Each structure stands twice: as structure tokens, then as C-alpha cells.
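Novice: My structure is stored as my_file37.cif, with mmCIF, C-alpha atoms.
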```cif
data_work
loop_
_atom_site.label_atom_id
_atom_site.label_comp_id
_atom_site.auth_asym_id
_atom_site.auth_seq_id
_atom_site.Cartn_x
_atom_site.Cartn_y
_atom_site.Cartn_z
CA MET A 1 0.00 0.00 0.00
CA SER A 2 1.21 3.36 -0.88
CA THR A 3 0.17 6.52 0.88
CA PRO A 4 -0.29 9.63 -1.18
CA GLN A 5 2.76 11.72 -1.28
CA ARG A 6 2.57 14.50 1.27
CA ARG A 7 3.19 17.97 0.05
CA ALA A 8 6.21 19.64 1.37
CA ALA A 9 5.36 21.35 4.64
CA PRO A 10 5.66 25.14 4.62
CA PRO A 11 8.58 26.55 6.53
CA ALA A 12 8.07 26.02 10.24
CA ALA A 13 8.60 29.69 11.04
CA ALA A 14 5.34 30.69 9.21
CA GLN A 15 3.11 28.56 11.45
CA PRO A 16 1.74 30.07 14.65
CA PRO A 17 2.77 28.01 17.63
CA ASP A 18 0.02 25.81 19.15
CA VAL A 19 1.18 26.59 22.63
CA LEU A 20 2.18 30.10 23.59
CA PRO A 21 5.16 30.47 25.89
CA ASP A 22 2.97 30.93 28.99
CA GLY A 23 0.98 27.74 28.36
CA VAL A 24 -2.10 29.31 26.68
CA THR A 25 -3.52 27.08 23.93
CA ARG A 26 -6.33 27.65 21.39
CA ARG A 27 -8.44 25.15 23.29
CA SER A 28 -7.98 26.86 26.64
CA THR A 29 -8.65 30.29 25.09
CA ILE A 30 -11.99 29.13 23.68
CA LYS A 31 -12.86 27.46 26.98
CA TRP A 32 -12.16 30.56 29.05
CA MET A 33 -13.85 32.92 26.59
CA THR A 34 -16.98 30.75 26.64
CA LEU A 35 -16.94 30.72 30.41
CA ALA A 36 -16.48 34.50 30.46
CA TRP A 37 -19.39 35.12 28.08
CA VAL A 38 -21.69 32.73 29.89
CA GLY A 39 -20.78 34.45 33.16
CA PHE A 40 -21.37 37.89 31.65
CA ALA A 41 -24.74 36.84 30.19
CA ALA A 42 -25.80 35.32 33.53
CA ALA A 43 -24.80 38.46 35.46
CA THR A 44 -26.62 40.71 32.95
CA GLY A 45 -29.70 38.50 33.10
CA ALA A 46 -29.67 38.51 36.89
CA GLY A 47 -29.31 42.30 36.91
CA LEU A 48 -32.22 42.76 34.50
CA THR A 49 -34.38 40.33 36.47
CA ALA A 50 -33.62 42.16 39.71
CA THR A 51 -34.46 45.50 38.06
CA LEU A 52 -37.76 44.17 36.77
CA ARG A 53 -38.63 42.55 40.10
CA PHE A 54 -37.86 45.85 41.85
CA LEU A 55 -40.96 47.36 40.22
CA PHE A 56 -43.26 44.86 41.99
CA PRO A 57 -43.32 45.57 45.75
CA ASN A 58 -43.77 42.80 48.32
CA VAL A 59 -46.36 44.70 50.34
CA LEU A 60 -49.29 46.67 48.95
CA PHE A 61 -50.83 49.38 51.10
CA GLU A 62 -54.25 48.85 49.57
CA PRO A 63 -57.45 47.82 51.36
CA PRO A 64 -57.85 44.01 51.45
CA THR A 65 -60.23 42.47 48.93
CA ARG A 66 -61.99 40.50 51.70
CA PHE A 67 -63.71 42.32 54.54
CA LYS A 68 -66.42 41.95 57.20
CA ALA A 69 -69.44 44.04 56.43
CA GLY A 70 -71.33 43.86 59.75
CA ASP A 71 -74.66 42.40 60.79
CA PRO A 72 -77.03 41.74 57.84
CA GLN A 73 -79.93 43.16 59.85
CA THR A 74 -78.31 46.61 59.86
CA TYR A 75 -79.00 46.91 56.15
CA ALA A 76 -82.24 48.61 55.16
CA PHE A 77 -84.00 47.99 51.88
CA GLY A 78 -82.11 49.56 48.96
CA VAL A 79 -78.52 50.49 48.12
CA ASP A 80 -76.12 50.87 51.05
CA GLU A 81 -73.10 53.09 50.39
CA ARG A 82 -71.16 52.62 53.65
CA TRP A 83 -68.37 50.49 52.05
CA LYS A 84 -68.12 52.35 48.74
CA GLU A 85 -65.38 54.78 49.76
CA LYS A 86 -63.13 52.21 51.43
CA TYR A 87 -63.69 48.99 49.50
CA GLY A 88 -65.50 50.08 46.33
CA VAL A 89 -68.54 47.89 46.98
CA TRP A 90 -72.28 48.57 47.35
CA LEU A 91 -74.34 46.19 49.43
CA VAL A 92 -77.87 46.06 48.07
CA ARG A 93 -80.82 44.61 49.95
CA ASN A 94 -84.00 43.69 48.13
CA THR A 95 -87.04 41.83 49.43
CA GLU A 96 -85.30 38.46 49.66
CA THR A 97 -81.51 38.86 49.42
CA ILE A 98 -78.43 40.97 50.01
CA TYR A 99 -75.81 41.10 47.27
CA ALA A 100 -72.50 42.98 46.80
CA LEU A 101 -72.09 45.08 43.65
CA VAL A 102 -68.53 46.03 42.68
CA ALA A 103 -68.44 49.81 42.13
CA VAL A 104 -66.43 49.62 38.91
CA CYS A 105 -68.15 50.64 35.68
CA THR A 106 -67.97 47.75 33.20
CA HIS A 107 -67.45 50.23 30.36
CA LEU A 108 -63.97 51.63 31.12
CA GLY A 109 -63.49 51.26 34.87
CA CYS A 110 -64.67 54.52 36.48
CA THR A 111 -66.68 54.54 39.71
CA PRO A 112 -70.43 55.13 39.10
CA ASN A 113 -72.65 57.11 41.48
CA TRP A 114 -75.83 55.85 43.11
CA LEU A 115 -78.59 58.35 42.26
CA ALA A 116 -81.27 57.58 44.83
CA ALA A 117 -83.78 60.05 43.36
CA GLN A 118 -83.61 58.35 39.96
CA ASN A 119 -83.18 54.88 41.43
CA LYS A 120 -80.15 54.04 39.27
CA PHE A 121 -76.36 53.83 39.15
CA LYS A 122 -74.89 56.43 36.79
CA CYS A 123 -71.26 56.61 35.66
CA PRO A 124 -69.95 60.20 35.44
CA CYS A 125 -67.34 59.37 32.80
CA HIS A 126 -69.45 58.33 29.81
CA GLY A 127 -72.98 58.08 31.16
CA SER A 128 -73.49 54.34 31.54
CA GLY A 129 -76.58 53.59 33.68
CA TYR A 130 -77.51 50.50 35.71
CA TYR A 131 -80.61 49.39 37.61
CA MET A 132 -80.42 48.63 41.31
CA SER A 133 -79.82 45.00 40.32
CA GLY A 134 -76.66 46.02 38.47
CA VAL A 135 -78.09 45.31 35.02
CA ASN A 136 -77.18 48.00 32.48
CA PHE A 137 -79.89 49.86 30.60
CA GLU A 138 -78.28 53.01 29.12
CA GLY A 139 -74.99 54.42 27.95
CA PRO A 140 -72.02 52.73 26.26
CA THR A 141 -71.40 49.89 28.72
CA PRO A 142 -71.71 46.42 27.18
CA ARG A 143 -72.59 44.42 30.32
CA PRO A 144 -73.98 44.63 33.88
CA LEU A 145 -71.98 45.49 37.01
CA GLU A 146 -70.13 42.59 38.60
CA ARG A 147 -71.19 41.06 41.91
CA ALA A 148 -68.68 40.02 44.59
CA GLU A 149 -68.79 36.89 46.68
CA ILE A 150 -70.84 37.35 49.85
CA ALA A 151 -71.53 35.01 52.77
CA VAL A 152 -72.54 35.00 56.42
CA SER A 153 -69.68 34.22 58.78
CA PRO A 154 -70.45 31.07 60.79
CA ASP A 155 -68.55 32.57 63.76
CA ASP A 156 -70.34 35.84 64.47
CA GLY A 157 -73.08 36.09 61.86
CA GLN A 158 -71.48 39.05 60.11
CA LEU A 159 -71.48 39.44 56.35
CA ILE A 160 -68.18 38.62 54.63
CA VAL A 161 -67.54 40.15 51.21
CA ASP A 162 -64.70 38.96 48.96
CA LYS A 163 -64.05 41.14 45.90
CA ALA A 164 -61.47 38.68 44.55
CA THR A 165 -64.28 36.34 43.45
CA ARG A 166 -66.73 37.86 40.95
CA TYR A 167 -70.10 36.65 39.67
CA LEU A 168 -71.11 37.77 36.18
CA TYR A 169 -74.72 38.14 35.04
CA GLU A 170 -73.88 37.33 31.41
CA ARG A 171 -72.47 33.96 32.51
CA GLY A 172 -75.56 33.19 34.57
CA GLN A 173 -73.57 33.29 37.81
CA TRP A 174 -75.86 35.61 39.80
CA SER A 175 -77.94 32.63 40.89
CA ASP A 176 -74.83 30.98 42.40
CA PRO A 177 -75.41 30.52 46.16
CA LYS A 178 -72.24 32.51 46.92
CA ALA A 179 -73.43 35.52 44.88
CA PHE A 180 -76.04 36.56 47.46
CA VAL A 181 -77.17 36.06 51.06
CA LYS A 182 -80.76 34.98 51.62
CA MET A 183 -82.64 37.17 54.08
CA VAL A 184 -85.38 35.61 56.21
CA MET B 185 -8.52 106.03 20.32
CA GLY B 186 -9.08 103.73 17.35
CA ARG B 187 -5.55 102.45 17.50
CA ARG B 188 -5.76 101.77 21.20
CA TRP B 189 -9.02 99.91 20.71
CA ASN B 190 -7.45 97.80 18.00
CA ARG B 191 -4.49 97.01 20.23
CA PHE B 192 -6.84 96.03 23.06
CA GLN B 193 -8.87 93.87 20.71
CA GLN B 194 -5.76 92.17 19.48
CA SER B 195 -4.49 91.51 22.98
CA VAL B 196 -7.81 89.89 23.87
CA VAL B 197 -7.92 87.71 20.75
CA GLU B 198 -4.30 86.66 21.21
CA SER B 199 -4.60 85.94 24.93
CA GLN B 200 -4.29 82.34 26.10
CA LEU B 201 -7.77 82.47 27.63
CA TRP B 202 -9.40 83.44 24.31
CA LYS B 203 -7.38 80.99 22.28
CA SER B 204 -8.12 78.14 24.66
CA ILE B 205 -11.84 78.61 23.97
CA PHE B 206 -11.86 79.68 20.30
CA ARG B 207 -9.11 77.70 18.63
CA VAL B 208 -9.67 78.62 14.98
CA GLY B 209 -9.28 82.38 15.06
CA VAL B 210 -11.25 84.77 12.90
CA PRO B 211 -13.35 82.60 10.54
CA ASN B 212 -12.48 84.55 7.41
CA THR B 213 -12.03 81.61 5.03
CA ASN B 214 -14.39 78.74 4.16
CA ARG B 215 -12.04 76.26 5.79
CA LYS B 216 -11.91 78.28 9.00
CA ARG B 217 -15.69 78.67 9.01
CA VAL B 218 -16.12 74.91 8.80
CA LEU B 219 -13.54 74.34 11.53
CA ALA B 220 -15.22 76.94 13.76
CA MET B 221 -18.53 75.11 13.42
CA LEU B 222 -17.08 71.64 13.96
CA GLY B 223 -14.91 72.68 16.90
CA ASN B 224 -17.81 74.12 18.91
CA VAL B 225 -20.15 71.80 20.75
CA VAL B 226 -23.12 74.17 20.40
CA LEU B 227 -22.52 75.24 16.81
CA HIS B 228 -21.82 71.71 15.55
CA LEU B 229 -25.43 70.78 16.37
CA HIS B 230 -26.35 72.72 13.24
CA PRO B 231 -25.12 71.58 9.83
CA VAL B 232 -22.22 73.57 8.38
CA LYS B 233 -24.09 73.99 5.13
CA THR B 234 -27.83 73.98 4.54
CA ARG B 235 -29.51 73.59 1.20
CA LYS B 236 -31.65 76.47 0.01
CA SER B 237 -34.73 74.23 0.05
CA GLY B 238 -33.97 73.24 3.64
CA VAL B 239 -34.90 76.69 4.92
CA LYS B 240 -37.91 77.10 2.66
CA MET B 241 -40.84 77.43 5.07
CA ARG B 242 -43.44 76.58 2.47
CA TYR B 243 -41.75 73.22 1.99
CA THR B 244 -40.71 72.18 5.53
CA TRP B 245 -43.28 74.15 7.57
CA CYS B 246 -40.48 74.09 10.20
CA ALA B 247 -42.75 71.65 12.05
CA GLY B 248 -39.86 69.53 13.32
CA GLY B 249 -37.99 72.62 14.44
CA VAL B 250 -41.05 74.01 16.23
CA THR B 251 -41.53 70.62 17.92
CA PHE B 252 -37.95 70.67 19.18
CA PHE B 253 -38.34 74.26 20.33
CA LEU B 254 -41.48 73.28 22.26
CA PHE B 255 -39.59 70.36 23.81
CA LEU B 256 -36.99 72.84 25.09
CA VAL B 257 -39.74 75.15 26.41
CA LEU B 258 -41.43 72.22 28.16
CA THR B 259 -38.14 71.03 29.67
CA PHE B 260 -37.45 74.51 31.03
CA THR B 261 -40.95 75.24 32.37
CA GLY B 262 -41.25 71.68 33.67
CA LEU B 263 -38.04 72.10 35.62
CA LEU B 264 -39.44 75.28 37.18
CA LEU B 265 -42.69 73.52 38.11
CA MET B 266 -40.68 70.79 39.86
CA PHE B 267 -39.54 73.36 42.43
CA TYR B 268 -43.11 73.59 43.74
CA TYR B 269 -44.95 70.42 42.82
CA ARG B 270 -44.91 67.40 45.17
CA PRO B 271 -46.13 64.11 43.64
CA THR B 272 -48.08 62.82 46.66
CA VAL B 273 -51.79 62.23 47.15
CA GLU B 274 -51.75 64.75 49.98
CA TYR B 275 -50.12 67.67 48.14
CA ALA B 276 -50.35 67.21 44.37
CA PHE B 277 -53.70 68.91 43.77
CA VAL B 278 -53.14 71.84 46.16
CA ASP B 279 -49.66 72.39 44.76
CA ILE B 280 -51.19 72.75 41.30
CA LEU B 281 -53.62 75.35 42.66
CA ASP B 282 -50.78 77.14 44.45
CA LEU B 283 -48.76 77.22 41.23
CA ARG B 284 -51.52 79.36 39.79
CA GLU B 285 -52.46 81.46 42.82
CA GLN B 286 -49.41 81.78 45.08
CA VAL B 287 -46.42 81.78 42.72
CA PRO B 288 -45.20 84.82 40.75
CA PHE B 289 -45.84 84.36 37.02
CA GLY B 290 -48.59 81.86 37.74
CA ILE B 291 -48.91 81.23 34.02
CA MET B 292 -45.85 78.94 34.10
CA ARG B 293 -48.05 75.88 34.51
CA GLU B 294 -50.32 77.16 31.74
CA VAL B 295 -47.30 77.58 29.45
CA HIS B 296 -46.30 74.00 30.23
CA ARG B 297 -49.80 72.69 29.62
CA TRP B 298 -50.51 74.55 26.40
CA GLY B 299 -46.98 73.90 25.18
CA ALA B 300 -47.62 70.19 25.70
CA HIS B 301 -50.85 70.33 23.69
CA ALA B 302 -49.04 72.28 20.98
CA MET B 303 -46.17 69.79 20.84
CA VAL B 304 -48.53 66.88 20.21
CA ILE B 305 -50.09 68.89 17.37
CA THR B 306 -46.78 69.96 15.81
CA VAL B 307 -45.47 66.37 15.93
CA TRP B 308 -48.47 65.30 13.86
CA ILE B 309 -48.00 68.25 11.47
CA HIS B 310 -44.31 67.35 11.08
CA MET B 311 -45.24 63.74 10.38
CA PHE B 312 -47.88 64.84 7.87
CA ARG B 313 -45.38 67.06 6.04
CA VAL B 314 -42.73 64.30 5.95
CA PHE B 315 -45.33 61.89 4.61
CA MET B 316 -46.72 64.25 1.97
CA THR B 317 -43.25 65.18 0.66
CA GLY B 318 -42.24 61.50 0.56
CA SER B 319 -39.33 62.22 2.88
CA TYR B 320 -39.75 58.83 4.57
CA LYS B 321 -38.42 57.08 1.46
CA PRO B 322 -34.92 55.55 1.25
CA PRO B 323 -32.39 56.51 2.44
CA ARG B 324 -34.52 58.07 5.20
CA GLU B 325 -36.66 55.04 6.12
CA PHE B 326 -34.77 54.35 9.37
CA ASN B 327 -35.23 57.94 10.50
CA TRP B 328 -38.97 57.60 9.88
CA VAL B 329 -38.97 54.67 12.33
CA ILE B 330 -37.09 56.75 14.92
CA GLY B 331 -39.67 59.48 14.30
CA VAL B 332 -42.57 57.10 14.95
CA ILE B 333 -40.97 56.07 18.27
CA LEU B 334 -40.57 59.77 19.13
CA LEU B 335 -44.26 60.27 18.33
CA VAL B 336 -45.17 57.48 20.78
CA LEU B 337 -42.87 58.98 23.43
CA THR B 338 -44.51 62.39 22.93
CA LEU B 339 -47.93 60.83 23.46
CA LEU B 340 -46.64 58.98 26.55
CA LEU B 341 -45.25 62.25 27.95
CA SER B 342 -48.65 63.81 27.38
CA PHE B 343 -50.38 60.82 29.01
CA THR B 344 -48.13 60.69 32.09
CA GLY B 345 -48.32 64.46 32.56
CA TYR B 346 -52.11 64.31 32.45
CA LEU B 347 -52.27 62.48 35.80
CA LEU B 348 -50.09 64.91 37.76
CA PRO B 349 -52.76 67.59 38.56
CA TRP B 350 -54.49 64.77 40.49
CA ASP B 351 -58.03 66.05 39.91
CA GLN B 352 -61.04 63.90 39.07
CA LEU B 353 -60.51 64.32 35.33
CA ALA B 354 -56.90 63.14 35.63
CA ILE B 355 -57.60 60.16 37.89
CA TRP B 356 -60.40 58.78 35.76
CA ALA B 357 -58.68 59.47 32.46
CA ILE B 358 -55.65 57.51 33.65
CA THR B 359 -57.91 54.78 35.09
CA VAL B 360 -59.50 54.40 31.67
CA GLY B 361 -56.19 54.73 29.81
CA SER B 362 -54.19 52.33 31.98
CA ASN B 363 -56.92 49.70 31.70
CA MET B 364 -55.61 49.27 28.15
CA ALA B 365 -52.38 47.87 29.65
CA ALA B 366 -54.49 45.10 31.21
CA ALA B 367 -55.22 43.93 27.65
CA THR B 368 -51.52 43.41 26.79
CA PRO B 369 -51.07 39.96 25.20
CA LEU B 370 -49.67 37.46 27.75
CA LEU B 371 -48.61 40.21 30.20
CA GLY B 372 -51.99 41.85 30.98
CA ILE B 373 -54.59 40.28 33.25
CA GLU B 374 -57.26 40.52 30.53
CA GLY B 375 -54.94 40.12 27.55
CA PRO B 376 -55.22 37.40 24.89
CA GLY B 377 -53.30 34.27 25.85
CA THR B 378 -52.81 35.28 29.48
CA GLY B 379 -55.27 32.62 30.64
CA LEU B 380 -53.00 29.94 29.15
CA LEU B 381 -50.12 30.88 31.43
CA LYS B 382 -50.74 28.74 34.48
CA ILE B 383 -49.21 25.94 36.49
CA GLY B 384 -51.94 23.54 37.51
CA ASP B 385 -54.74 25.77 38.75
CA ILE B 386 -52.53 28.73 39.64
CA GLN B 387 -52.60 31.71 37.26
CA LEU B 388 -49.10 33.11 36.72
CA VAL B 389 -50.34 36.58 35.73
CA THR B 390 -52.57 38.21 38.34
CA SER B 391 -53.83 41.72 38.99
CA SER B 392 -50.78 42.30 41.21
CA ASN B 393 -48.06 41.39 38.72
CA ASP B 394 -49.37 42.23 35.24
CA ALA B 395 -48.39 45.04 32.87
CA ARG B 396 -50.99 47.41 34.31
CA PHE B 397 -49.63 46.87 37.81
CA ALA B 398 -46.09 47.67 36.65
CA LEU B 399 -47.40 50.95 35.24
CA LEU B 400 -49.52 51.93 38.26
CA GLY B 401 -47.54 50.39 41.13
CA GLY B 402 -50.88 49.18 42.49
CA ARG B 403 -54.17 47.65 41.48
CA PHE B 404 -55.82 51.03 40.93
CA VAL B 405 -54.77 54.63 40.31
CA GLY B 406 -53.41 55.68 43.72
CA ALA B 407 -50.31 57.04 45.42
CA GLY B 408 -48.03 54.58 43.66
CA ALA B 409 -49.37 55.50 40.24
CA LEU B 410 -48.92 59.23 40.90
CA LEU B 411 -45.26 58.73 41.87
CA ARG B 412 -44.50 56.37 38.99
CA PHE B 413 -46.08 58.68 36.44
CA TYR B 414 -44.18 61.63 37.91
CA VAL B 415 -40.83 59.87 37.62
CA LEU B 416 -41.60 58.65 34.10
CA HIS B 417 -42.84 62.11 33.07
CA CYS B 418 -39.94 64.12 34.52
CA VAL B 419 -36.98 61.78 34.06
CA GLY B 420 -37.55 58.46 32.31
CA ILE B 421 -39.32 59.38 29.09
CA PRO B 422 -37.55 62.76 28.54
CA LEU B 423 -34.15 61.01 28.76
CA ILE B 424 -35.13 58.42 26.17
CA ALA B 425 -36.74 61.10 23.98
CA ALA B 426 -33.65 63.36 24.18
CA PHE B 427 -31.40 60.47 23.17
CA LEU B 428 -33.63 59.51 20.24
CA MET B 429 -33.89 63.18 19.18
CA ALA B 430 -30.08 63.30 18.98
CA VAL B 431 -30.17 60.18 16.78
CA HIS B 432 -33.02 61.70 14.74
CA PHE B 433 -31.20 64.98 14.00
CA TRP B 434 -27.92 63.17 13.36
CA ARG B 435 -29.59 60.90 10.85
CA VAL B 436 -31.24 63.84 9.06
CA ARG B 437 -27.75 65.04 8.21
CA LYS B 438 -26.25 61.61 7.52
CA ASP B 439 -29.14 60.72 5.21
CA GLY B 440 -28.42 63.70 2.96
CA GLY B 441 -29.87 66.66 4.83
CA ILE B 442 -33.44 67.89 4.82
CA SER B 443 -35.11 66.49 1.72
CA GLY B 444 -35.72 68.99 -1.03
CA PRO B 445 -38.37 69.34 -3.72
CA VAL B 446 -37.75 66.81 -6.48
#
```
As C-alpha cells, please, write out the structure in this file.
Specialist:
Amino acid sequence: MSTPQRRAAPPAAAQPPDVLPDGVTRRSTIKWMTLAWVGFAAATGAGLTATLRFLFPNVLFEPPTRFKAGDPQTYAFGVDERWKEKYGVWLVRNTETIYALVAVCTHLGCTPNWLAAQNKFKCPCHGSGYYMSGVNFEGPTPRPLERAEIAVSPDDGQLIVDKATRYLYERGQWSDPKAFVKMV
Amino acid sequence: MGRRWNRFQQSVVESQLWKSIFRVGVPNTNRKRVLAMLGNVVLHLHPVKTRKSGVKMRYTWCAGGVTFFLFLVLTFTGLLLMFYYRPTVEYAFVDILDLREQVPFGIMREVHRWGAHAMVITVWIHMFRVFMTGSYKPPREFNWVIGVILLVLTLLLSFTGYLLPWDQLAIWAITVGSNMAAATPLLGIEGPGTGLLKIGDIQLVTSSNDARFALLGGRFVGAGALLRFYVLHCVGIPLIAAFLMAVHFWRVRKDGGISGPV
């Protein structure tokens, strides 16, 4: 067997040495550069993550979404505005039930007013109007007000309202047992 | 007298102090004029040479120039307002009233407000002119993109400034406006696709970590929102806008100067 004739090697002086005098090789250079870039990318990523996380505080000084609303018997027939300022909720008592209406207009999120003389909720921003039940009847809003979860505390008989859970009329959720408290 | 004056003049111009500031000397040749412009940080902001069509008002409407002038006016008056205005729920509204009633030249806030309205209008006029003269075409297409970003920043400056008087109009306008951020895809609580981001039954994006929350610093327009909008209005957005304006003006020159009539 004959191997192909090798070409004459170029003069040795023209070739860069594989190992530099202080022991640095191509392989070690690539290895350390990769390590350096990975380290740099990780540090940058950690810095960006920390910056982003900084914008979301651990504690919010906002009223809690769940609150005790007192004895059900203290509510007279009609719309009660005692929790509107603090929690943004109306408690409404009709002949049979009490329910909690969230005081956020379903059009664009303003706070409507309860106009007792006209027996309706009216939003000052764009004029959406709702009946006492929360169902919309005028203005640009596409859907009724939302109701919050309401229950009677088994401990002391007080009403407990939780705004975090909502019941929507258009999904047929107003008949859910947690959407109202039955008055006897 | 005349000779003495000349000698005095010469001694001033040849002094080390003068020469250390004005290196070129009397700009009496074209070369020296160019060097005088390029060697001065203020003068170099303007091109050394301008085409005749570039200063033709009927062609450019000077809308970009007026916009930049208004930006400078707003920066200056805004800085003055910052000496009195405190971005807290307790003080913001009364400080705005005091700016009108208790501060000399109570129109400063009015200048800032009307200047802001004017700037939004002139930006649109500038954009309209650039569009109608076809000045967005190559090689200026990149600068058009920068311009669109500057338009958005102008609108954001207008939006963030709108909250600062902290009256009913401001609070509800920002409530309505920031609700749009809740519709951000994947990042907003009501946005498309957000419902898909969950582990088991736990939603990853909630009302206390979505895009709207990042903007307001809370679940509704409150103290956190006022402070965040103030910082964005006075520092964050102006810095980005100033940087992009520098790029914008630089590119006008690098892309062949203000476009002329074909």
C-alpha cells in the first residue's frame, strides 16, 4: 500500500505556535472565553431580572379584597353606600336577598354614582346607567356590574364580602349561592 | 482712540484664555468657518451647510424645528414647576392650585400645559409634512422609524403628565387609559393568551403582577401611580426622547440633509 505523497510542509517559522510560551492554547482560550461570556450573560440576566422585580413591591398598602361588612340586619331595603369609599362595593338589599355590587363601571373602569332620586347607578365618565340589580340599561357599557362573593360568617353572623371572586350576570352566575345572602 | 481699541482687541484675541476657547481664530475663510462650526459643541449641532430648500418654510413648515423648540420650552418650564410640585396624594392637587395662585408668574403651569398640547399637534403636522413630501423614502426610512418612536414617546409624555394635577378628570382618564395595559397579550390580566399561562390551577399573571400593575404600582390609580407617572414624566421618558432626538437629528444630516423638492 502506498500513501499519497505528502506535500512539502511550509517553513516552520510561518506557522503560529500551538502553545504560547505561557501555556495558553487555542483550546484553553476558547474554553475561558466561553466561560467568560456565559458568566457575563448570567450576570446581565440577573441584573435585569432584579431591576424588573424591583418594580413589583412585596407589600401593597391597599385595602384588602376581603372584609367583614357587619350584621345583615343593619341593612335597610335599597342600596347601602357605607363600604363604597373604602372597598369600592355597594351592598344592596332587596325583598329576599343581600348582594355585593362592585363599584367599577364595566365600560372603562370609572366609579359610578348611586342616584337615589332616579333609582339608578350612573357613571360620570361616559354616562353608563344601571338598575339597582346592576343590570345596564343606558350608555355605552356592554354588560352589567359585577357582583362580589358574599356570605354570612359562621362565627359571628357578620357578612363577609370577597371582591377577589366575581359573579357575572352574562355567565348566569348571579344565581350561584355565593353571589347573594338569603334574608329571612 | 481707534488704534488703542485695536491694540486692546488684538491683545484679547491673542490671549491664552481666548485661544483656549476659540481655537480657529477669525473665521475669514471657508475652511476656518467649517472648523469653527465643527470645533464648537453648540454650533456643531447645526449643519455647516444647509440647502436652500432646507430653509424654505413653504416646503418644511419648520414643524420639526417648532416641535424641538417646544420640547426645550417644556423642559425649562417643567423644571421650574418641579420646584413647587410634590407628587403625593396629599399635596399634588393643592400644589397645582398654588402654582396658579401663590407663585409669581402663575402662568408657568399654563405655558407647560398649552406647550404640551401644541407639541402633540406639531409632531403630527411634522409627520404629515414628511409623509406628503415622501421624505420617509430611502435613504430616510430608518429615521422615519425613529420618528414614529418619538411620536409614541410624545404621546406617553402627554399621558403621564395628564395624571399629575391629580383632579377627578386626571384620575379617571388615567384609570381608563391604563386599563388598556391590562389587555396586553400574555402580560396583561385581561390580555389574549394570558389565561393559558398557568401551572396547575394557579394563574401566573394576576392583577398584582401584570403590565398594568407595573405601570400603576398598584391595582388602581393611587399614590403609587402618581409617583410612577411623575418619575416617568420628569426623568424616564424625557431622557429616552432626548437620546432619540439626537439620533433623529444626526440621521437627518447623515441621510443627505433635509429632503428637497424633487
Novice: For region 129-134 of chain A, please output as a JSON list (two decimals) with C-alpha atoms, in the coordinates of the input all residues within 10 Å (counting all atoms listed in the file; exclusion window: fewer than 3 positions along the same chain).
Specialist:
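This is the output file out.json:
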```
[["chain", "number", "residue", "atom", "x", "y", "z"],
["A", 78, "GLY", "CA", -82.11, 49.56, 48.96],
["A", 79, "VAL", "CA", -78.52, 50.49, 48.12],
["A", 92, "VAL", "CA", -77.87, 46.06, 48.07],
["A", 93, "ARG", "CA", -80.82, 44.61, 49.95],
["A", 94, "ASN", "CA", -84.00, 43.69, 48.13],
["A", 99, "TYR", "CA", -75.81, 41.10, 47.27],
["A", 100, "ALA", "CA", -72.50, 42.98, 46.80],
["A", 101, "LEU", "CA", -72.09, 45.08, 43.65],
["A", 102, "VAL", "CA", -68.53, 46.03, 42.68],
["A", 103, "ALA", "CA", -68.44, 49.81, 42.13],
["A", 105, "CYS", "CA", -68.15, 50.64, 35.68],
["A", 112, "PRO", "CA", -70.43, 55.13, 39.10],
["A", 113, "ASN", "CA", -72.65, 57.11, 41.48],
["A", 114, "TRP", "CA", -75.83, 55.85, 43.11],
["A", 115, "LEU", "CA", -78.59, 58.35, 42.26],
["A", 116, "ALA", "CA", -81.27, 57.58, 44.83],
["A", 118, "GLN", "CA", -83.61, 58.35, 39.96],
["A", 119, "ASN", "CA", -83.18, 54.88, 41.43],
["A", 120, "LYS", "CA", -80.15, 54.04, 39.27],
["A", 121, "PHE", "CA", -76.36, 53.83, 39.15],
["A", 122, "LYS", "CA", -74.89, 56.43, 36.79],
["A", 123, "CYS", "CA", -71.26, 56.61, 35.66],
["A", 124, "PRO", "CA", -69.95, 60.20, 35.44],
["A", 126, "HIS", "CA", -69.45, 58.33, 29.81],
["A", 137, "PHE", "CA", -79.89, 49.86, 30.60],
["A", 138, "GLU", "CA", -78.28, 53.01, 29.12],
["A", 139, "GLY", "CA", -74.99, 54.42, 27.95],
["A", 140, "PRO", "CA", -72.02, 52.73, 26.26],
["A", 141, "THR", "CA", -71.40, 49.89, 28.72],
["A", 143, "ARG", "CA", -72.59, 44.42, 30.32],
["A", 144, "PRO", "CA", -73.98, 44.63, 33.88],
["A", 145, "LEU", "CA", -71.98, 45.49, 37.01],
["A", 146, "GLU", "CA", -70.13, 42.59, 38.60],
["A", 147, "ARG", "CA", -71.19, 41.06, 41.91],
["A", 169, "TYR", "CA", -74.72, 38.14, 35.04]]
```
Novice: Using all atoms listed in the file, pick whichever of B:Phe326, B:Tyr269, B:Phe413, B:Trp356 has the shortest atom-to-atom distance to Thr111 (chain A).
Specialist: B:Trp356
Novice: Using all atoms listed in the file for the distances, tell me which of B:Met221, B:Ala300, B:Leu337, B:Ala357 is nearest to chain A.
Specialist: B:Ala357
Novice: Would you kindly return, as a list in words, each protein, DNA or RNA residue with an atom no farther than 10 Å from any atom of Thr259 (chain B), considering all atoms listed in the file and excluding same-chain residues fewer than 6 positions away?
Specialist: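 Selected residues are Phe253, Leu265, His296, Cys418 and Pro422 of chain B.
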Novice: So what does the PyMOL selection byres ((chain B) within 9 of (chain A)) actually pick up in this one, as JSON, numbers by chain?
Specialist: {"B": [353, 356, 357, 359, 360, 361, 363, 392, 393, 397, 398, 399, 401, 402, 403]}
